[in-house]
$ cat upload-v3.cif   # mmCIF, C-alpha atoms and all ligand atoms
data_model
#
loop_
_atom_site.label_atom_id
_atom_site.label_comp_id
_atom_site.auth_asym_id
_atom_site.auth_seq_id
_atom_site.Cartn_x
_atom_site.Cartn_y
_atom_site.Cartn_z
CA MET I 69 -2.87 71.67 0.37
CA ASP I 70 -5.77 72.83 -1.75
CA ASN I 71 -8.70 72.74 0.64
CA ARG I 72 -10.96 74.53 -1.85
CA ARG I 73 -14.46 73.11 -1.72
CA THR I 74 -17.09 73.56 -4.45
CA GLN I 75 -20.64 72.30 -4.29
CA PHE I 76 -23.32 72.50 -6.97
CA LEU I 77 -26.86 72.43 -5.51
CA LEU I 78 -29.79 72.10 -7.91
CA PHE I 79 -33.35 73.20 -7.02
CA THR I 80 -36.64 73.19 -8.91
CA ASP I 81 -37.16 76.95 -8.55
CA MET I 82 -35.83 80.10 -6.91
CA ASP I 83 -38.19 79.71 -3.92
CA ALA I 84 -36.44 76.49 -2.93
CA ALA I 85 -32.98 77.75 -3.91
CA GLY I 86 -33.61 81.03 -2.08
CA GLU I 87 -34.64 79.25 1.12
CA ALA I 88 -31.55 77.02 1.06
CA ALA I 89 -29.21 79.89 0.21
CA ALA I 90 -30.66 82.09 2.97
CA ARG I 91 -30.15 79.31 5.51
CA GLU I 92 -26.53 78.84 4.40
CA ILE I 93 -25.77 82.58 4.50
CA ALA I 94 -27.38 82.85 7.96
CA ARG I 95 -25.34 79.87 9.14
CA VAL I 96 -22.08 81.41 7.89
CA LEU I 97 -22.82 84.79 9.51
CA ILE I 98 -23.87 83.29 12.84
CA GLU I 99 -20.72 81.15 12.87
CA ALA I 100 -18.58 84.19 12.04
CA VAL I 101 -20.07 86.13 14.96
CA GLU I 102 -19.53 83.17 17.28
CA LEU I 103 -15.88 82.81 16.18
CA ARG I 104 -14.85 86.44 15.57
CA SER I 105 -17.58 88.54 17.23
CA ALA I 106 -18.45 90.07 13.85
CA GLY I 107 -19.60 88.98 10.38
CA THR I 108 -19.05 90.50 6.94
CA LEU I 109 -21.37 89.94 3.98
CA VAL I 110 -21.16 91.11 0.37
CA VAL I 111 -24.56 91.22 -1.27
CA ALA I 112 -25.18 90.70 -4.99
CA GLY I 113 -27.25 92.86 -7.30
CA GLY I 114 -29.56 91.97 -10.14
CA SER I 115 -32.91 90.28 -9.54
CA THR I 116 -32.15 86.63 -8.69
CA PRO I 117 -31.04 87.25 -5.10
CA ARG I 118 -34.22 89.09 -4.06
CA PRO I 119 -35.95 85.96 -2.63
CA ILE I 120 -32.80 85.25 -0.62
CA TYR I 121 -32.88 88.70 0.99
CA GLU I 122 -36.61 88.39 1.68
CA ARG I 123 -36.00 85.14 3.57
CA LEU I 124 -33.03 86.57 5.46
CA ALA I 125 -35.29 89.43 6.54
CA ASP I 126 -38.02 87.02 7.61
CA ARG I 127 -37.91 87.05 11.42
CA GLY I 128 -39.43 83.62 11.40
CA HIS I 129 -36.17 82.52 9.84
CA ALA I 130 -34.44 80.29 12.37
CA PRO I 131 -31.89 80.96 13.59
CA PRO I 132 -31.96 84.78 13.26
CA VAL I 133 -28.86 86.65 12.07
CA PRO I 134 -27.30 89.04 14.66
CA TRP I 135 -27.39 91.93 12.14
CA HIS I 136 -26.07 94.43 14.74
CA LEU I 137 -22.73 92.57 14.48
CA VAL I 138 -22.74 92.18 10.69
CA HIS I 139 -21.22 94.64 8.20
CA LEU I 140 -22.76 94.58 4.76
CA PHE I 141 -21.06 95.60 1.50
CA TRP I 142 -22.00 95.38 -2.21
CA GLY I 143 -20.28 93.24 -4.82
CA ASP I 144 -21.06 95.88 -7.39
CA GLU I 145 -23.26 98.88 -8.00
CA ARG I 146 -24.61 100.64 -11.03
CA CYS I 147 -23.47 104.29 -11.21
CA VAL I 148 -26.91 105.72 -10.53
CA PRO I 149 -28.40 107.48 -7.49
CA PRO I 150 -29.34 105.20 -4.55
CA ALA I 151 -33.07 105.77 -5.09
CA ASP I 152 -32.87 104.83 -8.78
CA GLN I 153 -34.87 101.66 -9.48
CA SER I 154 -31.84 100.10 -11.19
CA SER I 155 -29.63 100.63 -8.13
CA ASN I 156 -28.50 97.45 -6.38
CA TYR I 157 -28.63 99.39 -3.13
CA ALA I 158 -32.34 100.16 -3.72
CA MET I 159 -33.08 96.47 -4.40
CA VAL I 160 -31.31 95.28 -1.23
CA ARG I 161 -32.85 98.10 0.79
CA GLY I 162 -36.38 97.12 -0.23
CA SER I 163 -35.95 93.35 0.21
CA LEU I 164 -33.68 93.31 3.28
CA LEU I 165 -32.43 96.53 4.91
CA ASP I 166 -35.85 98.07 5.53
CA ARG I 167 -36.93 94.87 7.28
CA ILE I 168 -34.05 94.18 9.67
CA GLU I 169 -32.44 95.97 12.61
CA ILE I 170 -28.99 96.83 11.23
CA PRO I 171 -27.06 99.94 12.37
CA PRO I 172 -26.64 102.45 9.50
CA ASP I 173 -22.85 102.42 10.06
CA ASN I 174 -22.88 98.69 9.25
CA VAL I 175 -24.22 99.34 5.74
CA HIS I 176 -21.43 100.20 3.31
CA ARG I 177 -23.05 101.15 0.01
CA VAL I 178 -21.24 102.29 -3.12
CA TYR I 179 -21.96 105.97 -3.76
CA GLY I 180 -23.28 105.44 -7.27
CA GLU I 181 -24.36 109.06 -7.48
CA LEU I 182 -20.69 110.15 -7.64
CA PRO I 183 -18.62 110.13 -10.84
CA PRO I 184 -17.65 106.44 -11.35
CA ALA I 185 -13.92 106.78 -10.63
CA LYS I 186 -14.64 108.79 -7.48
CA ALA I 187 -17.26 106.24 -6.37
CA ALA I 188 -14.73 103.42 -6.77
CA THR I 189 -12.00 105.31 -4.89
CA ARG I 190 -14.40 106.14 -2.09
CA TYR I 191 -15.60 102.53 -1.85
CA GLU I 192 -12.04 101.19 -1.72
CA ALA I 193 -11.20 103.70 1.01
CA ASP I 194 -14.22 102.43 2.97
CA LEU I 195 -13.03 98.84 2.56
CA ARG I 196 -9.50 99.77 3.70
CA ARG I 197 -10.90 101.70 6.68
CA HIS I 198 -12.93 98.71 7.73
CA PHE I 199 -10.48 95.88 7.03
CA GLY I 200 -7.11 97.62 7.23
CA GLY I 201 -4.94 98.33 4.24
CA GLY I 202 -2.73 95.25 3.83
CA HIS I 203 -4.02 92.20 1.97
CA PRO I 204 -7.42 92.02 0.24
CA PRO I 205 -10.34 91.88 2.74
CA VAL I 206 -11.42 88.40 3.79
CA PHE I 207 -15.22 88.42 3.75
CA ASP I 208 -17.13 85.72 5.60
CA CYS I 209 -19.58 85.47 2.71
CA ILE I 210 -19.66 86.94 -0.77
CA MET I 211 -22.93 86.52 -2.69
CA LEU I 212 -22.66 86.58 -6.47
CA GLY I 213 -24.96 86.27 -9.44
CA MET I 214 -23.95 85.43 -12.99
CA GLY I 215 -25.03 86.80 -16.34
CA ALA I 216 -25.67 84.61 -19.40
CA ASP I 217 -22.26 85.81 -20.68
CA GLY I 218 -20.54 84.50 -17.57
CA HIS I 219 -20.04 87.90 -15.96
CA THR I 220 -20.22 88.14 -12.20
CA ALA I 221 -20.49 91.24 -10.04
CA SER I 222 -19.59 93.77 -12.74
CA LEU I 223 -16.64 91.82 -14.10
CA PHE I 224 -17.60 91.44 -17.75
CA PRO I 225 -15.82 89.30 -20.36
CA GLY I 226 -13.12 91.38 -22.07
CA ASP I 227 -13.27 94.24 -19.56
CA PRO I 228 -9.75 95.12 -18.24
CA LEU I 229 -11.18 95.20 -14.70
CA VAL I 230 -11.36 91.39 -14.78
CA ASP I 231 -7.54 91.30 -14.81
CA GLU I 232 -7.07 93.85 -12.03
CA THR I 233 -4.66 92.48 -9.42
CA GLU I 234 -3.98 95.43 -7.08
CA ARG I 235 -7.11 97.53 -6.57
CA TRP I 236 -9.99 96.15 -4.52
CA ALA I 237 -12.67 98.09 -6.39
CA GLY I 238 -12.73 99.55 -9.88
CA VAL I 239 -14.96 100.88 -12.66
CA ALA I 240 -16.47 98.72 -15.40
CA GLU I 241 -17.84 100.51 -18.46
CA GLY I 242 -20.91 98.23 -18.60
CA ARG I 243 -21.51 99.22 -22.23
CA HIS I 244 -23.11 95.85 -23.05
CA ALA I 245 -24.78 95.35 -19.68
CA SER I 246 -28.36 96.04 -18.77
CA PRO I 247 -28.70 98.82 -17.86
CA ALA I 248 -25.77 100.02 -19.98
CA VAL I 249 -24.28 102.30 -17.35
CA PRO I 250 -20.83 102.34 -15.73
CA ARG I 251 -20.53 100.24 -12.60
CA VAL I 252 -18.28 99.97 -9.59
CA SER I 253 -17.25 96.38 -8.84
CA LEU I 254 -15.14 94.45 -6.38
CA THR I 255 -12.19 92.85 -8.16
CA LEU I 256 -11.10 89.21 -8.29
CA PRO I 257 -8.43 89.56 -5.56
CA VAL I 258 -11.26 90.41 -3.15
CA LEU I 259 -13.69 87.79 -4.45
CA ASN I 260 -10.98 85.12 -4.20
CA ALA I 261 -10.03 86.03 -0.64
CA ALA I 262 -13.50 85.10 0.65
CA ARG I 263 -14.08 82.37 3.20
CA ASN I 264 -17.35 81.48 1.46
CA VAL I 265 -18.72 82.40 -1.97
CA VAL I 266 -22.43 81.80 -2.67
CA PHE I 267 -23.56 81.94 -6.29
CA ALA I 268 -27.30 82.12 -6.99
CA VAL I 269 -28.42 81.59 -10.58
CA SER I 270 -31.67 80.54 -12.25
CA GLY I 271 -32.75 79.14 -15.60
CA GLU I 272 -31.53 76.35 -17.85
CA ALA I 273 -28.94 78.41 -19.75
CA LYS I 274 -27.24 79.56 -16.54
CA ARG I 275 -27.52 76.02 -15.10
CA ARG I 276 -25.57 74.68 -18.06
CA LEU I 277 -23.03 77.50 -17.85
CA ALA I 278 -22.60 77.01 -14.10
CA ARG I 279 -22.05 73.27 -14.67
CA ASP I 280 -19.40 73.98 -17.32
CA ILE I 281 -17.66 76.41 -15.00
CA GLU I 282 -17.80 74.07 -12.01
CA ALA I 283 -16.44 71.23 -14.18
CA GLN I 284 -13.75 73.64 -15.49
CA ILE I 285 -14.42 72.47 -19.06
CA GLU I 286 -12.05 73.59 -21.82
CA GLY I 287 -12.49 77.31 -22.54
CA SER I 288 -14.54 78.08 -19.43
CA GLN I 289 -11.78 80.33 -18.15
CA ARG I 290 -13.03 83.02 -20.57
CA TYR I 291 -15.97 83.55 -18.22
CA PRO I 292 -15.17 85.90 -15.32
CA ALA I 293 -17.37 83.76 -13.03
CA ALA I 294 -14.98 80.85 -13.70
CA ARG I 295 -12.14 82.89 -12.24
CA VAL I 296 -13.85 83.10 -8.87
CA ARG I 297 -12.00 80.31 -7.09
CA PRO I 298 -11.66 81.30 -3.44
CA ALA I 299 -9.44 79.38 -1.05
CA GLY I 300 -12.56 78.62 1.00
CA SER I 301 -15.88 77.20 -0.15
CA THR I 302 -17.94 77.95 -3.25
CA LEU I 303 -21.58 76.96 -3.24
CA TRP I 304 -23.73 77.19 -6.36
CA PHE I 305 -27.46 77.48 -5.63
CA VAL I 306 -29.02 76.76 -9.03
CA ALA I 307 -32.74 77.05 -9.71
CA GLN I 308 -33.88 75.16 -12.81
CA LYS I 309 -36.48 77.83 -13.56
C1 LIG H 401 -25.74 93.46 -11.42
C2 LIG H 401 -25.22 92.20 -10.77
C3 LIG H 401 -24.91 91.20 -11.82
C4 LIG H 401 -25.98 90.15 -11.70
C5 LIG H 401 -26.05 89.31 -12.94
C6 LIG H 401 -27.27 88.39 -12.87
O1 LIG H 401 -25.44 94.56 -10.95
O2 LIG H 401 -26.50 93.29 -12.39
O3 LIG H 401 -24.30 92.37 -9.88
O4 LIG H 401 -23.66 90.60 -11.75
O5 LIG H 401 -25.68 89.33 -10.57
O6 LIG H 401 -26.19 90.18 -14.05
O7 LIG H 401 -28.41 89.22 -12.79
P1 LIG H 401 -29.85 88.57 -12.53
O8 LIG H 401 -29.79 87.96 -11.17
O9 LIG H 401 -30.79 89.75 -12.57
O10 LIG H 401 -30.05 87.57 -13.61
#
$ encode --input "upload-v3.cif" --output "structure tokens"
Amino acid sequence: MDNRRTQFLLFTDMDAAGEAAAREIARVLIEAVELRSAGTLVVAGGSTPRPIYERLADRGHAPPVPWHLVHLFWGDERCVPPADQSSNYAMVRGSLLDRIEIPPDNVHRVYGELPPAKAATRYEADLRRHFGGGHPPVFDCIMLGMGADGHTASLFPGDPLVDETERWAGVAEGRHASPAVPRVSLTLPVLNAARNVVFAVSGEAKRRLARDIEAQIEGSQRYPAARVRPAGSTLWFVAQK
């Protein structure tokens, strides 16, 4: 039985979408800790998710997330040093990590300062150490953004990494991305093993694209974001501007 669930939630702006997404992510993590004594979260890069992290860090946020029992990973990372302003680690650190009590060992960044292939191998080894080496890791929540070209994480249209079926993390050239640097990205087997996927996108163009993907219109399969179809739930938090 296909118990896949997809919901498309439209908001006037990213403030409203960010508040709703933060509440949903907190709910999922709190439930995970209640059920399994631990939670696992993959954070997204780019700029859209920043308001979500700021709300998750807001101690006034009820109910609070038991961060000491949550392990945090990245969906993708630019191959730059962690202090580089284009690093997804730096963005999450400034908007979330520096404002919550989370043990350093619970933060599993991609070592973007290493040569890309080595960074990907190291990240996959970290995933296998944490989850065990059998089937792809089942994350409680994977946050994703989407580019105007339908990429998600660093799975770009036409990049061979989109079709990777064995490895859990790999290298994307990122030639046409901004910044145009190589990236390490989780692969679709990992994204599609998630219990919950939360997309956060903003703007009319991405709203239309998200709608097309959610409706699975003809040709939408060419977008990597359309190939994220986890067995669990997929929520789209869409801000109109
Ligand atoms: C990255 C992200 C990427 C991002 C989209 C949307 O490293 O850039 O992982 O997939 O989510 O490009 O980016 P914005 O949220 O900045 O529009």
$ atom_distance --input "upload-v3.cif" --atom1 "atom CA of I:Val138" --atom2 "atom CA of I:Pro250"
28.4 Å
$ closest_residue --input "upload-v3.cif" --among "I:Ala261, I:Ile281, I:Leu165, I:Ala248" --to "ligand LIG 401 (chain H)" --atoms "all atoms listed in the file"
I:Ala248
$ closest_residue --input "upload-v3.cif" --among "I:Pro204, I:Pro150, I:Pro184, I:Gly218" --to "ligand LIG 401 (chain H)" --atoms "all atoms listed in the file"
I:Gly218
$ residues_near_point --input "upload-v3.cif" --point "(-23.0, 104.1, -12.4)" --cutoff "9 Å" --atoms "only C-alpha atoms" --output "list in words"
Glu145, Arg146, Cys147, Val148, Pro149, Ser155, Tyr179, Gly180, Glu181, Leu182, Pro183, Pro184, Ala187, Val239, Ala240, Glu241, Gly242, Val249, Pro250, Arg251 and Val252 of chain I
$ axis_aligned_box --input "upload-v3.cif" --around "ligand LIG 401 (chain H)" --padding-each-side "8 Å" --output "lines of an AutoDock Vina configuration file"
center_x = -27.2
center_y = 91.1
center_z = -12.0
size_x = 23.1
size_y = 23.0
size_z = 20.2
$ residues_around --input "upload-v3.cif" --residues "I:Gln75" --least-positions-apart "3" --cutoff "10 Å" --atoms "all atoms listed in the file" --output "list in words"
Leu78, Val266, Glu282, Ser301, Thr302, Leu303, Trp304 and Phe305 of chain I
$ residues_near_ligand --input "upload-v3.cif" --ligand "ligand LIG 401 (chain H)" --cutoff "10 Å" --atoms "only C-alpha atoms and all ligand atoms" --output "number ranges by chain"
I: 111-118, 142-147, 154-157, 211-224, 242, 245-247, 251-253, 267-271, 274, 293
$ atom_distance --input "upload-v3.cif" --atom1 "atom CA of I:Arg123" --atom2 "atom CA of I:Leu195"
26.8 Å
$ residues_around --input "upload-v3.cif" --residues "stretch 172-177 of chain I" --least-positions-apart "4" --cutoff "6 Å" --atoms "all atoms listed in the file" --output "list in words"
His139, Leu140 and Phe141 of chain I
$ closest_residue --input "upload-v3.cif" --among "I:Arg297, I:Ile170, I:Asp231, I:Tyr121" --to "I:Ala85" --atoms "all atoms listed in the file"
I:Tyr121
$ atom_distance --input "upload-v3.cif" --atom1 "atom CA of I:Arg91" --atom2 "atom CA of I:Arg295"
25.5 Å
$ closest_residue --input "upload-v3.cif" --among "I:Ser163, I:Gln308, I:Gln153, I:Ser105" --to "I:Ile120" --atoms "all atoms listed in the file"
I:Ser163
$ residues_near_point --input "upload-v3.cif" --point "(-39.2, 93.5, 9.9)" --cutoff "9 Å" --atoms "all atoms listed in the file" --output "list in words"
Ala125, Asp126, Arg127, Leu164, Leu165, Asp166, Arg167, Ile168 and Glu169 of chain I
$ closest_residue --input "upload-v3.cif" --among "I:Ala158, I:Ala151, I:Asn264, I:Gly238" --to "I:Glu99" --atoms "all atoms listed in the file"
I:Asn264
$ closest_residue --input "upload-v3.cif" --among "I:Leu259, I:His198, I:Gly226, I:Asp152" --to "I:His244" --atoms "only C-alpha atoms"
I:Gly226
$ decode --input "upload-v3.cif" --residues "stretch 248-292 of chain I" --atoms "N, CA and C atoms" --output "PDB file, in the first residue's frame"
ATOM      1  N   ALA I 248      29.551  28.731  -8.390  1.00  0.00           N
ATOM      2  CA  ALA I 248      29.899  27.614  -9.297  1.00  0.00           C
ATOM      3  C   ALA I 248      31.113  26.873  -8.744  1.00  0.00           C
ATOM      4  N   VAL I 249      30.857  26.141  -7.670  1.00  0.00           N
ATOM      5  CA  VAL I 249      31.923  25.333  -7.052  1.00  0.00           C
ATOM      6  C   VAL I 249      31.424  23.899  -6.921  1.00  0.00           C
ATOM      7  N   PRO I 250      32.311  22.928  -6.823  1.00  0.00           N
ATOM      8  CA  PRO I 250      31.858  21.552  -6.587  1.00  0.00           C
ATOM      9  C   PRO I 250      31.138  21.473  -5.247  1.00  0.00           C
ATOM     10  N   ARG I 251      30.226  20.513  -5.154  1.00  0.00           N
ATOM     11  CA  ARG I 251      29.459  20.331  -3.935  1.00  0.00           C
ATOM     12  C   ARG I 251      29.396  18.865  -3.575  1.00  0.00           C
ATOM     13  N   VAL I 252      29.231  18.617  -2.289  1.00  0.00           N
ATOM     14  CA  VAL I 252      28.926  17.265  -1.816  1.00  0.00           C
ATOM     15  C   VAL I 252      27.431  17.244  -1.518  1.00  0.00           C
ATOM     16  N   SER I 253      26.750  16.187  -1.974  1.00  0.00           N
ATOM     17  CA  SER I 253      25.295  16.109  -1.780  1.00  0.00           C
ATOM     18  C   SER I 253      24.867  14.710  -1.356  1.00  0.00           C
ATOM     19  N   LEU I 254      23.829  14.650  -0.521  1.00  0.00           N
ATOM     20  CA  LEU I 254      23.158  13.373  -0.306  1.00  0.00           C
ATOM     21  C   LEU I 254      22.520  12.957  -1.629  1.00  0.00           C
ATOM     22  N   THR I 255      22.351  11.666  -1.812  1.00  0.00           N
ATOM     23  CA  THR I 255      21.783  11.154  -3.061  1.00  0.00           C
ATOM     24  C   THR I 255      20.305  10.779  -2.862  1.00  0.00           C
ATOM     25  N   LEU I 256      19.628  10.503  -3.969  1.00  0.00           N
ATOM     26  CA  LEU I 256      18.189  10.217  -3.886  1.00  0.00           C
ATOM     27  C   LEU I 256      17.841   9.002  -3.017  1.00  0.00           C
ATOM     28  N   PRO I 257      18.653   7.922  -3.019  1.00  0.00           N
ATOM     29  CA  PRO I 257      18.306   6.822  -2.098  1.00  0.00           C
ATOM     30  C   PRO I 257      18.175   7.287  -0.650  1.00  0.00           C
ATOM     31  N   VAL I 258      18.975   8.243  -0.226  1.00  0.00           N
ATOM     32  CA  VAL I 258      18.877   8.749   1.142  1.00  0.00           C
ATOM     33  C   VAL I 258      17.663   9.666   1.282  1.00  0.00           C
ATOM     34  N   LEU I 259      17.500  10.586   0.344  1.00  0.00           N
ATOM     35  CA  LEU I 259      16.360  11.510   0.418  1.00  0.00           C
ATOM     36  C   LEU I 259      15.044  10.733   0.432  1.00  0.00           C
ATOM     37  N   ASN I 260      14.991   9.649  -0.350  1.00  0.00           N
ATOM     38  CA  ASN I 260      13.725   8.900  -0.459  1.00  0.00           C
ATOM     39  C   ASN I 260      13.508   7.884   0.643  1.00  0.00           C
ATOM     40  N   ALA I 261      14.481   7.763   1.542  1.00  0.00           N
ATOM     41  CA  ALA I 261      14.291   6.873   2.698  1.00  0.00           C
ATOM     42  C   ALA I 261      13.698   7.642   3.887  1.00  0.00           C
ATOM     43  N   ALA I 262      13.572   8.942   3.750  1.00  0.00           N
ATOM     44  CA  ALA I 262      13.181   9.787   4.903  1.00  0.00           C
ATOM     45  C   ALA I 262      11.764   9.511   5.385  1.00  0.00           C
ATOM     46  N   ARG I 263      11.566   9.656   6.683  1.00  0.00           N
ATOM     47  CA  ARG I 263      10.207   9.589   7.233  1.00  0.00           C
ATOM     48  C   ARG I 263       9.426  10.838   6.830  1.00  0.00           C
ATOM     49  N   ASN I 264      10.107  11.978   6.855  1.00  0.00           N
ATOM     50  CA  ASN I 264       9.445  13.251   6.518  1.00  0.00           C
ATOM     51  C   ASN I 264      10.403  14.118   5.699  1.00  0.00           C
ATOM     52  N   VAL I 265       9.915  14.633   4.579  1.00  0.00           N
ATOM     53  CA  VAL I 265      10.679  15.611   3.791  1.00  0.00           C
ATOM     54  C   VAL I 265       9.935  16.944   3.873  1.00  0.00           C
ATOM     55  N   VAL I 266      10.665  18.006   4.169  1.00  0.00           N
ATOM     56  CA  VAL I 266      10.095  19.357   4.227  1.00  0.00           C
ATOM     57  C   VAL I 266      10.807  20.225   3.195  1.00  0.00           C
ATOM     58  N   PHE I 267      10.056  20.608   2.154  1.00  0.00           N
ATOM     59  CA  PHE I 267      10.582  21.559   1.169  1.00  0.00           C
ATOM     60  C   PHE I 267      10.201  22.961   1.622  1.00  0.00           C
ATOM     61  N   ALA I 268      11.106  23.919   1.450  1.00  0.00           N
ATOM     62  CA  ALA I 268      10.771  25.330   1.695  1.00  0.00           C
ATOM     63  C   ALA I 268      11.227  26.124   0.478  1.00  0.00           C
ATOM     64  N   VAL I 269      10.261  26.750  -0.211  1.00  0.00           N
ATOM     65  CA  VAL I 269      10.589  27.523  -1.408  1.00  0.00           C
ATOM     66  C   VAL I 269       9.843  28.846  -1.358  1.00  0.00           C
ATOM     67  N   SER I 270      10.365  29.842  -2.063  1.00  0.00           N
ATOM     68  CA  SER I 270       9.663  31.139  -2.074  1.00  0.00           C
ATOM     69  C   SER I 270       9.697  31.739  -3.470  1.00  0.00           C
ATOM     70  N   GLY I 271       8.671  32.546  -3.762  1.00  0.00           N
ATOM     71  CA  GLY I 271       8.586  33.238  -5.046  1.00  0.00           C
ATOM     72  C   GLY I 271       7.639  32.543  -6.014  1.00  0.00           C
ATOM     73  N   GLU I 272       7.077  33.314  -6.915  1.00  0.00           N
ATOM     74  CA  GLU I 272       6.045  32.825  -7.832  1.00  0.00           C
ATOM     75  C   GLU I 272       6.584  31.733  -8.754  1.00  0.00           C
ATOM     76  N   ALA I 273       7.777  31.906  -9.273  1.00  0.00           N
ATOM     77  CA  ALA I 273       8.330  30.921 -10.224  1.00  0.00           C
ATOM     78  C   ALA I 273       8.469  29.557  -9.541  1.00  0.00           C
ATOM     79  N   LYS I 274       8.992  29.571  -8.311  1.00  0.00           N
ATOM     80  CA  LYS I 274       9.175  28.289  -7.606  1.00  0.00           C
ATOM     81  C   LYS I 274       7.815  27.747  -7.141  1.00  0.00           C
ATOM     82  N   ARG I 275       6.851  28.642  -6.879  1.00  0.00           N
ATOM     83  CA  ARG I 275       5.509  28.161  -6.505  1.00  0.00           C
ATOM     84  C   ARG I 275       4.916  27.380  -7.661  1.00  0.00           C
ATOM     85  N   ARG I 276       5.048  27.932  -8.861  1.00  0.00           N
ATOM     86  CA  ARG I 276       4.495  27.254 -10.046  1.00  0.00           C
ATOM     87  C   ARG I 276       5.214  25.923 -10.268  1.00  0.00           C
ATOM     88  N   LEU I 277       6.541  25.961 -10.121  1.00  0.00           N
ATOM     89  CA  LEU I 277       7.312  24.729 -10.357  1.00  0.00           C
ATOM     90  C   LEU I 277       6.952  23.664  -9.313  1.00  0.00           C
ATOM     91  N   ALA I 278       6.825  24.109  -8.060  1.00  0.00           N
ATOM     92  CA  ALA I 278       6.468  23.165  -6.997  1.00  0.00           C
ATOM     93  C   ALA I 278       5.100  22.549  -7.267  1.00  0.00           C
ATOM     94  N   ARG I 279       4.160  23.353  -7.734  1.00  0.00           N
ATOM     95  CA  ARG I 279       2.809  22.882  -8.079  1.00  0.00           C
ATOM     96  C   ARG I 279       2.900  21.827  -9.175  1.00  0.00           C
ATOM     97  N   ASP I 280       3.683  22.128 -10.221  1.00  0.00           N
ATOM     98  CA  ASP I 280       3.816  21.175 -11.339  1.00  0.00           C
ATOM     99  C   ASP I 280       4.392  19.852 -10.845  1.00  0.00           C
ATOM    100  N   ILE I 281       5.376  19.970  -9.970  1.00  0.00           N
ATOM    101  CA  ILE I 281       6.024  18.757  -9.442  1.00  0.00           C
ATOM    102  C   ILE I 281       5.045  17.970  -8.575  1.00  0.00           C
ATOM    103  N   GLU I 282       4.349  18.685  -7.723  1.00  0.00           N
ATOM    104  CA  GLU I 282       3.401  18.002  -6.808  1.00  0.00           C
ATOM    105  C   GLU I 282       2.287  17.347  -7.604  1.00  0.00           C
ATOM    106  N   ALA I 283       1.893  18.010  -8.732  1.00  0.00           N
ATOM    107  CA  ALA I 283       0.812  17.436  -9.567  1.00  0.00           C
ATOM    108  C   ALA I 283       1.363  16.387 -10.529  1.00  0.00           C
ATOM    109  N   GLN I 284       2.700  16.221 -10.516  1.00  0.00           N
ATOM    110  CA  GLN I 284       3.379  15.239 -11.400  1.00  0.00           C
ATOM    111  C   GLN I 284       2.963  15.446 -12.862  1.00  0.00           C
ATOM    112  N   ILE I 285       2.967  16.749 -13.292  1.00  0.00           N
ATOM    113  CA  ILE I 285       2.555  17.008 -14.678  1.00  0.00           C
ATOM    114  C   ILE I 285       3.576  16.388 -15.635  1.00  0.00           C
ATOM    115  N   GLU I 286       3.151  16.178 -16.854  1.00  0.00           N
ATOM    116  CA  GLU I 286       3.978  15.602 -17.918  1.00  0.00           C
ATOM    117  C   GLU I 286       5.322  16.335 -17.990  1.00  0.00           C
ATOM    118  N   GLY I 287       6.424  15.568 -17.931  1.00  0.00           N
ATOM    119  CA  GLY I 287       7.750  16.176 -18.096  1.00  0.00           C
ATOM    120  C   GLY I 287       8.377  16.637 -16.793  1.00  0.00           C
ATOM    121  N   SER I 288       7.588  16.606 -15.700  1.00  0.00           N
ATOM    122  CA  SER I 288       8.173  17.141 -14.445  1.00  0.00           C
ATOM    123  C   SER I 288       9.271  16.236 -13.902  1.00  0.00           C
ATOM    124  N   GLN I 289       9.307  14.997 -14.366  1.00  0.00           N
ATOM    125  CA  GLN I 289      10.324  14.081 -13.865  1.00  0.00           C
ATOM    126  C   GLN I 289      11.747  14.533 -14.207  1.00  0.00           C
ATOM    127  N   ARG I 290      11.848  15.531 -15.156  1.00  0.00           N
ATOM    128  CA  ARG I 290      13.221  15.982 -15.502  1.00  0.00           C
ATOM    129  C   ARG I 290      13.816  16.811 -14.372  1.00  0.00           C
ATOM    130  N   TYR I 291      12.975  17.238 -13.439  1.00  0.00           N
ATOM    131  CA  TYR I 291      13.474  18.032 -12.311  1.00  0.00           C
ATOM    132  C   TYR I 291      13.892  17.087 -11.179  1.00  0.00           C
ATOM    133  N   PRO I 292      15.127  17.201 -10.713  1.00  0.00           N
ATOM    134  CA  PRO I 292      15.541  16.327  -9.590  1.00  0.00           C
ATOM    135  C   PRO I 292      14.606  16.428  -8.378  1.00  0.00           C
TER     136      PRO I 292
END
